[in-house]
file query.txt (compact mmCIF, C-alpha atoms)
# COMPACT_ATOMS: atom_id res chain seq x y z
CA MET A 1 116.39 79.66 87.59
CA ARG A 2 117.57 79.35 91.19
CA ASN A 3 116.80 83.04 91.86
CA SER A 4 113.36 82.62 90.33
CA VAL A 5 112.62 79.62 92.55
CA LEU A 6 113.85 81.43 95.65
CA LYS A 7 111.76 84.44 94.81
CA SER A 8 108.66 82.26 94.32
CA VAL A 9 109.23 80.58 97.67
CA ALA A 10 109.63 83.96 99.37
CA LEU A 11 106.44 85.25 97.76
CA LEU A 12 104.53 82.10 98.74
CA THR A 13 105.75 82.48 102.32
CA THR A 14 104.54 86.07 102.39
CA LEU A 15 101.13 85.11 101.03
CA ILE A 16 100.74 82.25 103.51
CA GLY A 17 101.64 84.64 106.31
CA THR A 18 99.08 87.09 105.04
CA ILE A 19 96.37 84.43 104.81
CA PHE A 20 97.21 83.46 108.37
CA LEU A 21 96.81 87.07 109.47
CA TYR A 22 93.46 87.34 107.75
CA GLY A 23 92.30 84.06 109.19
CA CYS A 24 93.30 84.94 112.74
CA SER A 25 91.87 88.43 112.74
CA ASP A 26 88.44 89.28 114.06
CA SER A 27 85.73 91.03 112.08
CA ASN A 28 86.95 94.44 113.20
CA SER A 29 90.52 93.90 112.03
CA VAL A 30 91.76 94.73 108.53
CA THR A 31 95.05 93.52 107.06
CA LEU A 32 96.67 95.08 103.98
CA ARG A 33 99.84 94.20 102.11
CA ILE A 34 101.92 97.23 101.13
CA GLY A 35 105.25 97.37 99.36
CA ALA A 36 107.69 98.80 96.84
CA GLY A 37 110.58 97.54 94.76
CA HIS A 38 112.97 100.12 96.16
CA PRO A 39 114.07 99.90 99.80
CA ALA A 40 112.80 102.20 102.52
CA GLY A 41 115.72 104.22 103.81
CA PRO A 42 117.62 105.10 100.63
CA SER A 43 114.44 105.75 98.59
CA VAL A 44 112.37 108.68 99.82
CA TYR A 45 108.98 107.56 98.51
CA ALA A 46 109.35 104.13 100.17
CA THR A 47 110.68 105.69 103.38
CA GLN A 48 107.61 107.90 103.64
CA MET A 49 105.35 104.91 103.03
CA ARG A 50 106.96 103.21 106.01
CA ASP A 51 107.41 106.22 108.28
CA PHE A 52 104.32 108.31 107.49
CA PHE A 53 101.64 106.54 105.47
CA VAL A 54 101.48 103.25 107.38
CA PRO A 55 101.61 104.63 110.94
CA GLU A 56 99.26 107.51 110.15
CA VAL A 57 96.63 105.24 108.63
CA LYS A 58 96.93 102.90 111.63
CA ARG A 59 96.69 105.77 114.10
CA ARG A 60 93.64 107.34 112.51
CA VAL A 61 91.78 104.08 111.94
CA GLU A 62 92.23 103.08 115.56
CA ALA A 63 91.38 106.56 116.88
CA GLU A 64 88.41 107.32 114.65
CA THR A 65 86.73 103.98 113.88
CA GLU A 66 85.82 100.70 115.54
CA TYR A 67 88.43 98.94 113.39
CA THR A 68 92.11 98.16 113.72
CA ILE A 69 94.39 97.85 110.71
CA ASN A 70 97.52 95.74 110.21
CA PHE A 71 100.02 96.19 107.41
CA VAL A 72 102.24 93.47 105.97
CA GLU A 73 105.10 95.60 104.65
CA GLY A 74 107.44 94.52 101.89
CA TYR A 75 109.96 97.07 100.64
CA GLY A 76 113.16 96.55 98.67
CA GLY A 77 111.57 93.97 96.38
CA SER A 78 110.75 91.50 99.15
CA ILE A 79 107.29 91.05 97.62
CA ALA A 80 107.63 92.65 94.17
CA GLN A 81 110.62 94.08 92.31
CA VAL A 82 110.64 97.57 90.78
CA ALA A 83 109.35 96.33 87.43
CA GLU A 84 106.75 94.01 88.97
CA THR A 85 104.85 96.27 91.36
CA LEU A 86 102.17 97.46 88.95
CA GLU A 87 101.29 93.84 88.20
CA ALA A 88 101.50 92.89 91.88
CA VAL A 89 98.87 95.51 92.72
CA GLN A 90 96.79 94.56 89.70
CA ASN A 91 96.77 90.89 90.69
CA GLY A 92 96.23 91.54 94.40
CA VAL A 93 99.61 90.23 95.53
CA LEU A 94 99.95 93.72 96.98
CA ASP A 95 96.95 95.71 98.14
CA ILE A 96 98.96 98.94 98.01
CA GLY A 97 102.14 99.50 96.03
CA ALA A 98 104.36 102.32 94.87
CA TYR A 99 106.56 102.22 91.81
CA CYS A 100 108.38 104.31 89.26
CA VAL A 101 106.43 104.60 86.02
CA CYS A 102 109.82 104.54 84.30
CA PHE A 103 109.82 100.75 84.72
CA GLU A 104 106.58 100.44 82.75
CA PRO A 105 107.67 101.98 79.42
CA ALA A 106 104.94 100.24 77.42
CA LYS A 107 101.93 100.17 79.73
CA LEU A 108 102.49 103.62 81.27
CA PHE A 109 104.33 105.30 78.42
CA ILE A 110 102.80 108.76 78.68
CA HIS A 111 102.81 108.70 82.49
CA ASN A 112 106.52 109.45 82.01
CA PHE A 113 105.64 112.91 80.67
CA ALA A 114 108.05 114.73 83.00
CA TYR A 115 110.95 112.61 81.75
CA TYR A 116 110.09 113.62 78.19
CA ALA A 117 110.68 117.34 78.84
CA PRO A 118 114.10 117.64 80.50
CA PHE A 119 115.55 120.76 82.12
CA GLY A 120 112.30 121.42 83.95
CA PRO A 121 111.71 122.57 87.55
CA GLN A 122 114.68 122.06 89.81
CA ASP A 123 112.63 121.97 93.03
CA ALA A 124 111.01 118.63 93.88
CA VAL A 125 107.98 120.11 95.67
CA GLN A 126 107.23 122.36 92.71
CA ALA A 127 107.69 119.48 90.25
CA ILE A 128 105.21 117.29 92.10
CA GLN A 129 102.68 120.11 92.38
CA VAL A 130 102.94 120.60 88.62
CA ALA A 131 102.49 116.89 87.97
CA ARG A 132 99.39 116.86 90.16
CA LYS A 133 97.91 119.65 88.00
CA VAL A 134 98.58 117.55 84.91
CA TYR A 135 96.75 114.60 86.47
CA GLU A 136 93.81 116.82 87.42
CA LYS A 137 93.50 118.24 83.91
CA ASN A 138 93.98 114.86 82.22
CA PRO A 139 91.81 112.27 84.02
CA TRP A 140 92.81 109.75 81.34
CA LEU A 141 96.01 109.12 83.32
CA GLU A 142 94.16 107.98 86.43
CA ASP A 143 91.41 106.25 84.46
CA GLN A 144 93.97 104.12 82.63
CA LEU A 145 95.33 102.77 85.89
CA THR A 146 91.82 101.94 87.04
CA ASP A 147 90.32 100.59 83.83
CA LEU A 148 93.27 98.61 82.47
CA TYR A 149 95.28 97.71 85.54
CA GLY A 150 92.69 97.39 88.28
CA GLN A 151 94.10 99.97 90.67
CA GLN A 152 93.22 103.36 92.08
CA LEU A 153 95.75 106.18 92.16
CA LEU A 154 96.25 107.25 95.77
CA ALA A 155 99.13 109.73 95.44
CA ILE A 156 102.10 110.72 93.35
CA ASN A 157 105.71 111.36 94.25
CA GLY A 158 108.85 111.54 92.16
CA TYR A 159 112.55 112.27 92.24
CA ASP A 160 114.70 115.26 92.98
CA ASN A 161 116.89 117.07 90.47
CA TYR A 162 118.82 114.77 88.12
CA HIS A 163 122.55 115.25 87.64
CA LEU A 164 125.35 113.02 86.36
CA GLY A 165 127.77 111.00 88.47
CA SER A 166 130.75 109.19 87.00
CA THR A 167 133.72 107.02 87.85
CA ILE A 168 135.92 109.23 85.67
CA PRO A 169 136.54 112.98 85.70
CA TRP A 170 135.42 114.95 82.66
CA SER A 171 135.74 118.57 81.69
CA SER A 172 133.95 118.68 78.34
CA VAL A 173 131.07 116.81 76.74
CA ASP A 174 133.56 115.25 74.33
CA ASP A 175 135.09 113.39 77.28
CA LEU A 176 131.84 111.43 77.64
CA LYS A 177 131.74 110.02 74.12
CA ALA A 178 131.48 106.22 74.19
CA VAL A 179 131.33 106.23 78.02
CA LYS A 180 128.69 103.85 79.38
CA ILE A 181 126.09 105.58 81.58
CA GLY A 182 123.22 103.91 83.44
CA GLY A 183 119.72 105.28 83.83
CA ALA A 184 116.09 104.39 84.41
CA GLY A 185 115.05 104.21 80.77
CA PRO A 186 113.01 107.26 79.73
CA ASN A 187 115.87 109.56 80.79
CA LEU A 188 118.51 107.79 78.69
CA PRO A 189 117.73 109.86 75.56
CA TRP A 190 118.96 112.91 77.52
CA LEU A 191 122.46 111.54 76.97
CA GLU A 192 122.42 111.43 73.17
CA TYR A 193 123.91 114.92 72.97
CA ALA A 194 127.01 113.72 74.82
CA GLY A 195 127.41 110.65 72.65
CA VAL A 196 127.45 108.26 75.59
CA ILE A 197 126.44 104.61 75.51
CA PRO A 198 123.15 104.45 77.47
CA VAL A 199 122.52 101.44 79.71
CA GLN A 200 119.10 100.54 81.11
CA SER A 201 119.47 99.80 84.83
CA SER A 202 117.89 100.24 88.25
CA LEU A 203 119.07 101.70 91.55
CA PRO A 204 119.75 98.41 93.36
CA ASP A 205 122.20 97.41 90.61
CA GLY A 206 124.11 100.68 90.34
CA TYR A 207 126.83 100.36 92.98
CA LEU A 208 128.19 96.98 91.90
CA ALA A 209 127.86 97.81 88.20
CA MET A 210 130.02 100.92 88.53
CA GLN A 211 132.41 99.24 90.92
CA THR A 212 133.03 96.43 88.41
CA GLY A 213 133.07 98.62 85.29
CA VAL A 214 129.81 97.41 83.76
CA TYR A 215 129.21 101.09 83.21
CA ASP A 216 130.99 104.27 84.26
CA GLY A 217 128.30 106.63 85.44
CA TRP A 218 124.72 107.17 86.48
CA LEU A 219 122.03 109.72 85.78
CA MET A 220 120.95 110.22 89.36
CA PHE A 221 119.48 112.73 91.80
CA PRO A 222 121.47 113.68 94.93
CA SER A 223 119.24 112.00 97.53
CA ALA A 224 119.75 108.54 96.05
CA TYR A 225 123.29 109.11 94.78
CA TYR A 226 124.45 109.58 98.34
CA SER A 227 122.03 107.16 100.02
CA TYR A 228 123.03 104.31 97.71
CA LYS A 229 126.71 105.27 98.20
CA PHE A 230 127.29 105.68 94.48
CA HIS A 231 129.93 108.28 95.31
CA GLU A 232 132.23 105.51 96.48
CA PRO A 233 132.78 103.88 93.06
CA ALA A 234 131.87 107.06 91.15
CA PRO A 235 133.07 110.14 93.07
CA TYR A 236 132.69 112.70 90.26
CA TYR A 237 129.29 114.41 90.42
CA THR A 238 128.44 117.07 87.85
CA LEU A 239 125.48 119.38 88.47
CA ILE A 240 123.60 119.58 85.18
CA GLY A 241 120.04 120.22 86.35
CA PHE A 242 118.00 117.95 84.10
CA GLY A 243 115.17 118.65 86.54
CA ALA A 244 113.15 117.08 89.31
CA ILE A 245 110.62 114.56 87.99
CA GLY A 246 107.17 114.97 89.48
CA GLY A 247 104.78 112.06 89.01
CA ALA A 248 107.59 109.59 88.32
CA VAL A 249 106.33 107.55 91.28
CA VAL A 250 102.71 106.55 91.83
CA LEU A 251 101.15 105.09 94.97
CA THR A 252 98.21 102.89 93.98
CA MET A 253 95.75 100.47 95.56
CA ASN A 254 94.04 97.44 94.11
CA ASN A 255 90.48 98.39 93.18
CA ASP A 256 88.86 95.44 94.94
CA SER A 257 90.98 95.90 98.06
CA LEU A 258 89.96 99.54 98.26
CA GLN A 259 86.27 98.91 97.70
CA ASN A 260 86.23 96.05 100.22
CA LEU A 261 87.41 98.32 103.02
CA PRO A 262 84.79 99.59 105.47
CA ALA A 263 83.67 103.01 104.24
CA GLU A 264 85.22 104.93 107.13
CA VAL A 265 88.55 103.10 106.73
CA ARG A 266 88.50 103.73 102.98
CA ALA A 267 87.99 107.46 103.61
CA ILE A 268 90.96 107.58 105.95
CA VAL A 269 93.20 105.79 103.43
CA MET A 270 92.26 108.35 100.78
CA GLU A 271 92.78 111.31 103.12
CA VAL A 272 96.15 110.10 104.38
CA SER A 273 97.19 109.49 100.77
CA GLN A 274 96.67 113.17 100.02
CA GLU A 275 98.74 114.05 103.07
CA TYR A 276 101.42 111.57 102.01
CA GLU A 277 101.74 113.35 98.66
CA VAL A 278 102.58 116.63 100.42
CA VAL A 279 104.78 115.11 103.13
CA ALA A 280 106.73 112.93 100.69
CA ALA A 281 107.29 115.87 98.32
CA GLU A 282 108.74 117.97 101.13
CA ALA A 283 110.86 115.03 102.29
CA LEU A 284 112.17 114.66 98.76
CA GLU A 285 113.33 118.27 98.59
CA THR A 286 114.91 117.96 102.03
CA ALA A 287 116.68 114.78 100.96
CA GLN A 288 118.05 116.59 97.90
CA THR A 289 119.64 119.25 100.11
CA ILE A 290 121.02 116.69 102.54
CA GLY A 291 122.28 114.56 99.67
CA LEU A 292 124.31 117.39 98.15
CA GLU A 293 125.72 118.41 101.53
CA SER A 294 126.61 114.81 102.32
CA LEU A 295 128.35 114.34 98.99
CA GLU A 296 130.46 117.40 99.69
CA ASN A 297 131.31 116.12 103.16
CA SER A 298 132.22 112.71 101.75
CA ASN A 299 134.92 114.15 99.51
CA ALA A 300 133.02 113.61 96.30
CA THR A 301 134.22 115.92 93.54
CA ILE A 302 131.30 118.19 92.70
CA SER A 303 131.38 120.47 89.68
CA VAL A 304 128.83 122.61 87.84
CA LEU A 305 128.23 122.30 84.12
CA PRO A 306 128.86 125.68 82.42
CA GLU A 307 125.59 127.40 81.54
CA GLU A 308 126.43 127.66 77.83
CA VAL A 309 127.01 123.89 77.67
CA ARG A 310 123.73 123.26 79.50
CA GLN A 311 121.93 125.50 77.03
CA SER A 312 123.44 123.67 74.08
CA TRP A 313 122.51 120.37 75.68
CA GLY A 314 118.95 121.58 76.11
CA ASN A 315 118.75 122.79 72.53
CA SER A 316 119.80 119.35 71.31
CA LEU A 317 116.67 117.93 72.96
CA ALA A 318 114.24 120.56 71.67
CA GLU A 319 112.28 118.02 69.59
CA PHE A 320 112.27 115.27 72.20
CA PRO A 321 108.97 116.19 73.95
CA ASN A 322 107.09 116.36 70.66
CA GLU A 323 108.60 113.09 69.49
CA MET A 324 107.37 111.40 72.66
CA ALA A 325 103.95 113.04 72.31
CA GLN A 326 103.58 111.69 68.79
CA GLU A 327 104.79 108.27 69.93
CA ALA A 328 102.11 108.27 72.61
CA ASN A 329 99.48 109.40 70.11
CA GLY A 330 100.44 106.43 67.97
CA ARG A 331 99.80 104.17 70.96
CA ASP A 332 96.25 105.55 71.34
CA MET A 333 97.29 107.66 74.31
CA PRO A 334 96.59 111.42 74.54
CA GLY A 335 100.25 112.28 74.15
CA SER A 336 99.94 115.78 72.70
CA GLU A 337 97.37 116.88 75.29
CA ILE A 338 99.40 115.61 78.23
CA MET A 339 102.79 116.90 77.04
CA ARG A 340 101.28 120.28 76.21
CA ALA A 341 99.60 120.42 79.63
CA TYR A 342 102.87 119.62 81.41
CA ILE A 343 104.85 122.28 79.57
CA GLU A 344 102.14 124.88 80.19
CA GLU A 345 101.76 124.01 83.89
CA VAL A 346 105.51 124.40 84.39
CA GLN A 347 105.32 127.85 82.85
CA ALA A 348 102.29 128.69 85.01
CA VAL A 349 104.33 128.35 88.23
CA GLY A 350 106.85 130.87 86.91
CA TYR A 351 109.58 128.47 85.83
CA GLU A 352 111.26 129.46 82.58
CA TRP A 353 112.13 126.60 80.26
CA PRO A 354 115.63 126.98 78.78
CA VAL A 355 114.23 125.41 75.61
CA ASP A 356 111.19 126.40 73.57
CA TYR A 357 109.36 123.08 73.50
CA ALA A 358 106.56 122.94 70.95
CA ILE A 359 103.96 120.15 70.73
CA ASP A 360 102.05 119.43 67.54

call {"tool": "encode", "arguments": {"input": "query.txt", "output": "structure tokens"}}
result
Amino acid sequence: MRNSVLKSVALLTTLIGTIFLYGCSDSNSVTLRIGAGHPAGPSVYATQMRDFFVPEVKRRVEAETEYTINFVEGYGGSIAQVAETLEAVQNGVLDIGAYCVCFEPAKLFIHNFAYYAPFGPQDAVQAIQVARKVYEKNPWLEDQLTDLYGQQLLAINGYDNYHLGSTIPWSSVDDLKAVKIGGAGPNLPWLEYAGVIPVQSSLPDGYLAMQTGVYDGWLMFPSAYYSYKFHEPAPYYTLIGFGAIGGAVVLTMNNDSLQNLPAEVRAIVMEVSQEYEVVAAEALETAQTIGLESLENSNATISVLPEEVRQSWGNSLAEFPNEMAQEANGRDMPGSEIMRAYIEEVQAVGYEWPVDYAID
């Protein structure tokens, strides 16, 4: 209760500050609230919002129009937590927000399509390019955000290649049986093969949870594993290659906020959003490389899963994409079309799936 009250007070303070900014601005000044549940710094998509999107929009608006633009920035959940950002954008608490679709398992079920086909592209840039193709060929994904949740898709991002970190060493899959492992939600079924106990969690909770034994490992990509210092309580990092997840993060803007912008400002926001998608994808791949190097330099114990074990692990999940497609179909979502499109687009860029995924 106390945390809820504190959070409400903080949100009210932010809104009052924003109202003040609007009230004190002249007719040529625009103020937008932008935020994410994850912090800028450790999280690449939020970092690029802060370091590229915001300053580039400001620069171009001031250089190319008669307007100036101010951003009220709220990362790390200071305005909305990871599982609240979609609603914050929908309700106008945030004008622009970015969030992982993994935290909206009901509303955005099929937006998690890349999670539902593990062992995909290992390169983050390639994964995001593939996801963009899926969005282009399936406008339902973007239309759903607009029609049901009152927001326009500006850009997509995602996460780099998922591996497994743990507090304990392990040399065979049998060593993981009954071990508690945290994850974002849609990736937890990847662990069934190993017989682990899956635990729904989020990045901000991971360090303390592993330090105190709430769980003993995390499904996590290198950029965040190092940035969030997970290697301190869990120094054993096994390279499995579940794949980079393109489209796991969406950057959206409240429909009314977007339409209320002066036309020339709106055009700049849309153009910079496209640039953000490219810049953030490249930053993600760079962060993956730096993350692995930093883990090695921090004395984490890094090992590689034997290829035959990885293949067996993949085979155990052969039906998973189709199961998720049928689940989405049952929710009146075009699950089969989207899952089939994702698998085909991955193949189109020359990546060979280790598993023959078939969608009914």

call {"tool": "residues_around", "arguments": {"input": "query.txt", "residues": "region 69-73 of chain A", "least_positions_apart": "5", "cutoff": "9 Å", "atoms": "only C-alpha atoms", "output": "PDB file with C-alpha atoms, keeping the file's coordinate frame"}}
result
ATOM      1  CA  THR A  14     104.540  86.070 102.390  1.00  0.00           C
ATOM      2  CA  GLY A  17     101.640  84.640 106.310  1.00  0.00           C
ATOM      3  CA  THR A  18      99.080  87.090 105.040  1.00  0.00           C
ATOM      4  CA  LEU A  21      96.810  87.070 109.470  1.00  0.00           C
ATOM      5  CA  ASN A  28      86.950  94.440 113.200  1.00  0.00           C
ATOM      6  CA  SER A  29      90.520  93.900 112.030  1.00  0.00           C
ATOM      7  CA  VAL A  30      91.760  94.730 108.530  1.00  0.00           C
ATOM      8  CA  THR A  31      95.050  93.520 107.060  1.00  0.00           C
ATOM      9  CA  LEU A  32      96.670  95.080 103.980  1.00  0.00           C
ATOM     10  CA  ARG A  33      99.840  94.200 102.110  1.00  0.00           C
ATOM     11  CA  ILE A  34     101.920  97.230 101.130  1.00  0.00           C
ATOM     12  CA  GLY A  35     105.250  97.370  99.360  1.00  0.00           C
ATOM     13  CA  ALA A  36     107.690  98.800  96.840  1.00  0.00           C
ATOM     14  CA  ARG A  50     106.960 103.210 106.010  1.00  0.00           C
ATOM     15  CA  VAL A  54     101.480 103.250 107.380  1.00  0.00           C
ATOM     16  CA  VAL A  57      96.630 105.240 108.630  1.00  0.00           C
ATOM     17  CA  LYS A  58      96.930 102.900 111.630  1.00  0.00           C
ATOM     18  CA  ARG A  59      96.690 105.770 114.100  1.00  0.00           C
ATOM     19  CA  VAL A  61      91.780 104.080 111.940  1.00  0.00           C
ATOM     20  CA  GLU A  62      92.230 103.080 115.560  1.00  0.00           C
ATOM     21  CA  SER A  78     110.750  91.500  99.150  1.00  0.00           C
ATOM     22  CA  ILE A  79     107.290  91.050  97.620  1.00  0.00           C
ATOM     23  CA  VAL A 265      88.550 103.100 106.730  1.00  0.00           C
TER      24      VAL A 265
END

call {"tool": "residues_near_point", "arguments": {"input": "query.txt", "point": "(124.3, 105.5, 76.7)", "cutoff": "10 Å", "atoms": "only C-alpha atoms", "output": "list in words"}}
result
Leu176, Lys177, Ala178, Val179, Lys180, Ile181, Gly182, Gly183, Leu188, Pro189, Trp190, Leu191, Glu192, Ala194, Gly195, Val196, Ile197, Pro198, Val199, Gln200, Tyr215, Gly217 and Trp218 of chain A

call {"tool": "residues_near_point", "arguments": {"input": "query.txt", "point": "(101.4, 110.6, 107.5)", "cutoff": "7 Å", "atoms": "all atoms listed in the file", "output": "number ranges by chain"}}
result
A: 52-53, 55-56, 272, 275-276

call {"tool": "write_last_selection", "arguments": {"input": "query.txt", "atoms": "C-alpha atoms", "output": "PDB file, in the frame of the given file"}}
result
ATOM      1  CA  PHE A  52     104.320 108.310 107.490  1.00  0.00           C
ATOM      2  CA  PHE A  53     101.640 106.540 105.470  1.00  0.00           C
ATOM      3  CA  PRO A  55     101.610 104.630 110.940  1.00  0.00           C
ATOM      4  CA  GLU A  56      99.260 107.510 110.150  1.00  0.00           C
ATOM      5  CA  VAL A 272      96.150 110.100 104.380  1.00  0.00           C
ATOM      6  CA  GLU A 275      98.740 114.050 103.070  1.00  0.00           C
ATOM      7  CA  TYR A 276     101.420 111.570 102.010  1.00  0.00           C
TER       8      TYR A 276
END

call {"tool": "closest_residue", "arguments": {"input": "query.txt", "among": "A:Ala106, A:Ala234, A:Met253, A:Val355", "to": "Glu327 (chain A)", "atoms": "only C-alpha atoms"}}
result
A:Ala106

call {"tool": "residues_around", "arguments": {"input": "query.txt", "residues": "Gln288 (chain A)", "least_positions_apart": "5", "cutoff": "8 Å", "atoms": "only C-alpha atoms", "output": "list of chain:residue names"}}
result
A:Asp160, A:Asn161, A:Phe221, A:Pro222, A:Ser223

call {"tool": "residues_around", "arguments": {"input": "query.txt", "residues": "region 335-338 of chain A", "least_positions_apart": "5", "cutoff": "9 Å", "atoms": "all atoms listed in the file", "output": "list in words"}}
result
Ile110, His111, Phe113, Val134, Tyr135, Lys137, Asn138, Leu141, Asn322, Met324, Ala325, Gln326, Glu327, Ala328, Asn329, Gly330, Ile343, Ile359 and Asp360 of chain A

call {"tool": "residues_around", "arguments": {"input": "query.txt", "residues": "Ile240 (chain A)", "least_positions_apart": "6", "cutoff": "8 Å", "atoms": "only C-alpha atoms", "output": "PyMOL selection string"}}
result
chain A and resi 162-164+304-305+310

call {"tool": "residues_around", "arguments": {"input": "query.txt", "residues": "region 350-352 of chain A", "least_positions_apart": "5", "cutoff": "12 Å", "atoms": "all atoms listed in the file", "output": "list of chain:residue names"}}
result
A:Phe119, A:Gly120, A:Pro121, A:Gln122, A:Asp123, A:Gln126, A:Ala127, A:Val130, A:Gly243, A:Tyr342, A:Ile343, A:Glu344, A:Glu345, A:Tyr357

call {"tool": "write_last_selection", "arguments": {"input": "query.txt", "atoms": "C-alpha atoms", "output": "CSV table (one decimal), keeping the file's coordinate frame"}}
result
chain,number,residue,atom,x,y,z
A,119,PHE,CA,115.6,120.8,82.1
A,120,GLY,CA,112.3,121.4,84.0
A,121,PRO,CA,111.7,122.6,87.6
A,122,GLN,CA,114.7,122.1,89.8
A,123,ASP,CA,112.6,122.0,93.0
A,126,GLN,CA,107.2,122.4,92.7
A,127,ALA,CA,107.7,119.5,90.2
A,130,VAL,CA,102.9,120.6,88.6
A,243,GLY,CA,115.2,118.6,86.5
A,342,TYR,CA,102.9,119.6,81.4
A,343,ILE,CA,104.8,122.3,79.6
A,344,GLU,CA,102.1,124.9,80.2
A,345,GLU,CA,101.8,124.0,83.9
A,357,TYR,CA,109.4,123.1,73.5

call {"tool": "closest_residue", "arguments": {"input": "query.txt", "among": "A:Ala46, A:Leu108, A:Leu203, A:Ala244", "to": "Ile128 (chain A)", "atoms": "only C-alpha atoms"}}
result
A:Ala244

call {"tool": "atom_distance", "arguments": {"input": "query.txt", "atom1": "CA of Tyr193 (chain A)", "atom2": "CA of Trp170 (chain A)"}}
result
15.0 Å

call {"tool": "atom_distance", "arguments": {"input": "query.txt", "atom1": "CA of Pro235 (chain A)", "atom2": "CA of Ser294 (chain A)"}}
result
12.2 Å

call {"tool": "axis_aligned_box", "arguments": {"input": "query.txt", "around": "region 283-302 of chain A", "padding_each_side": "5 Å", "output": "lines of an AutoDock Vina configuration file"}}
result
center_x = 122.9
center_y = 116.0
center_z = 97.9
size_x = 34.1
size_y = 16.5
size_z = 20.5

call {"tool": "closest_residue", "arguments": {"input": "query.txt", "among": "A:Phe109, A:Glu104, A:Thr47, A:Glu293", "to": "Arg331 (chain A)", "atoms": "only C-alpha atoms"}}
result
A:Phe109

call {"tool": "closest_residue", "arguments": {"input": "query.txt", "among": "A:Val309, A:Ala283, A:Ala40, A:Ala224", "to": "Ser171 (chain A)", "atoms": "only C-alpha atoms"}}
result
A:Val309

call {"tool": "atom_distance", "arguments": {"input": "query.txt", "atom1": "CA of Gly165 (chain A)", "atom2": "CA of Val249 (chain A)"}}
result
21.9 Å

call {"tool": "closest_residue", "arguments": {"input": "query.txt", "among": "A:Gln129, A:Asn187, A:Thr167, A:Thr68", "to": "Leu317 (chain A)", "atoms": "all atoms listed in the file"}}
result
A:Asn187
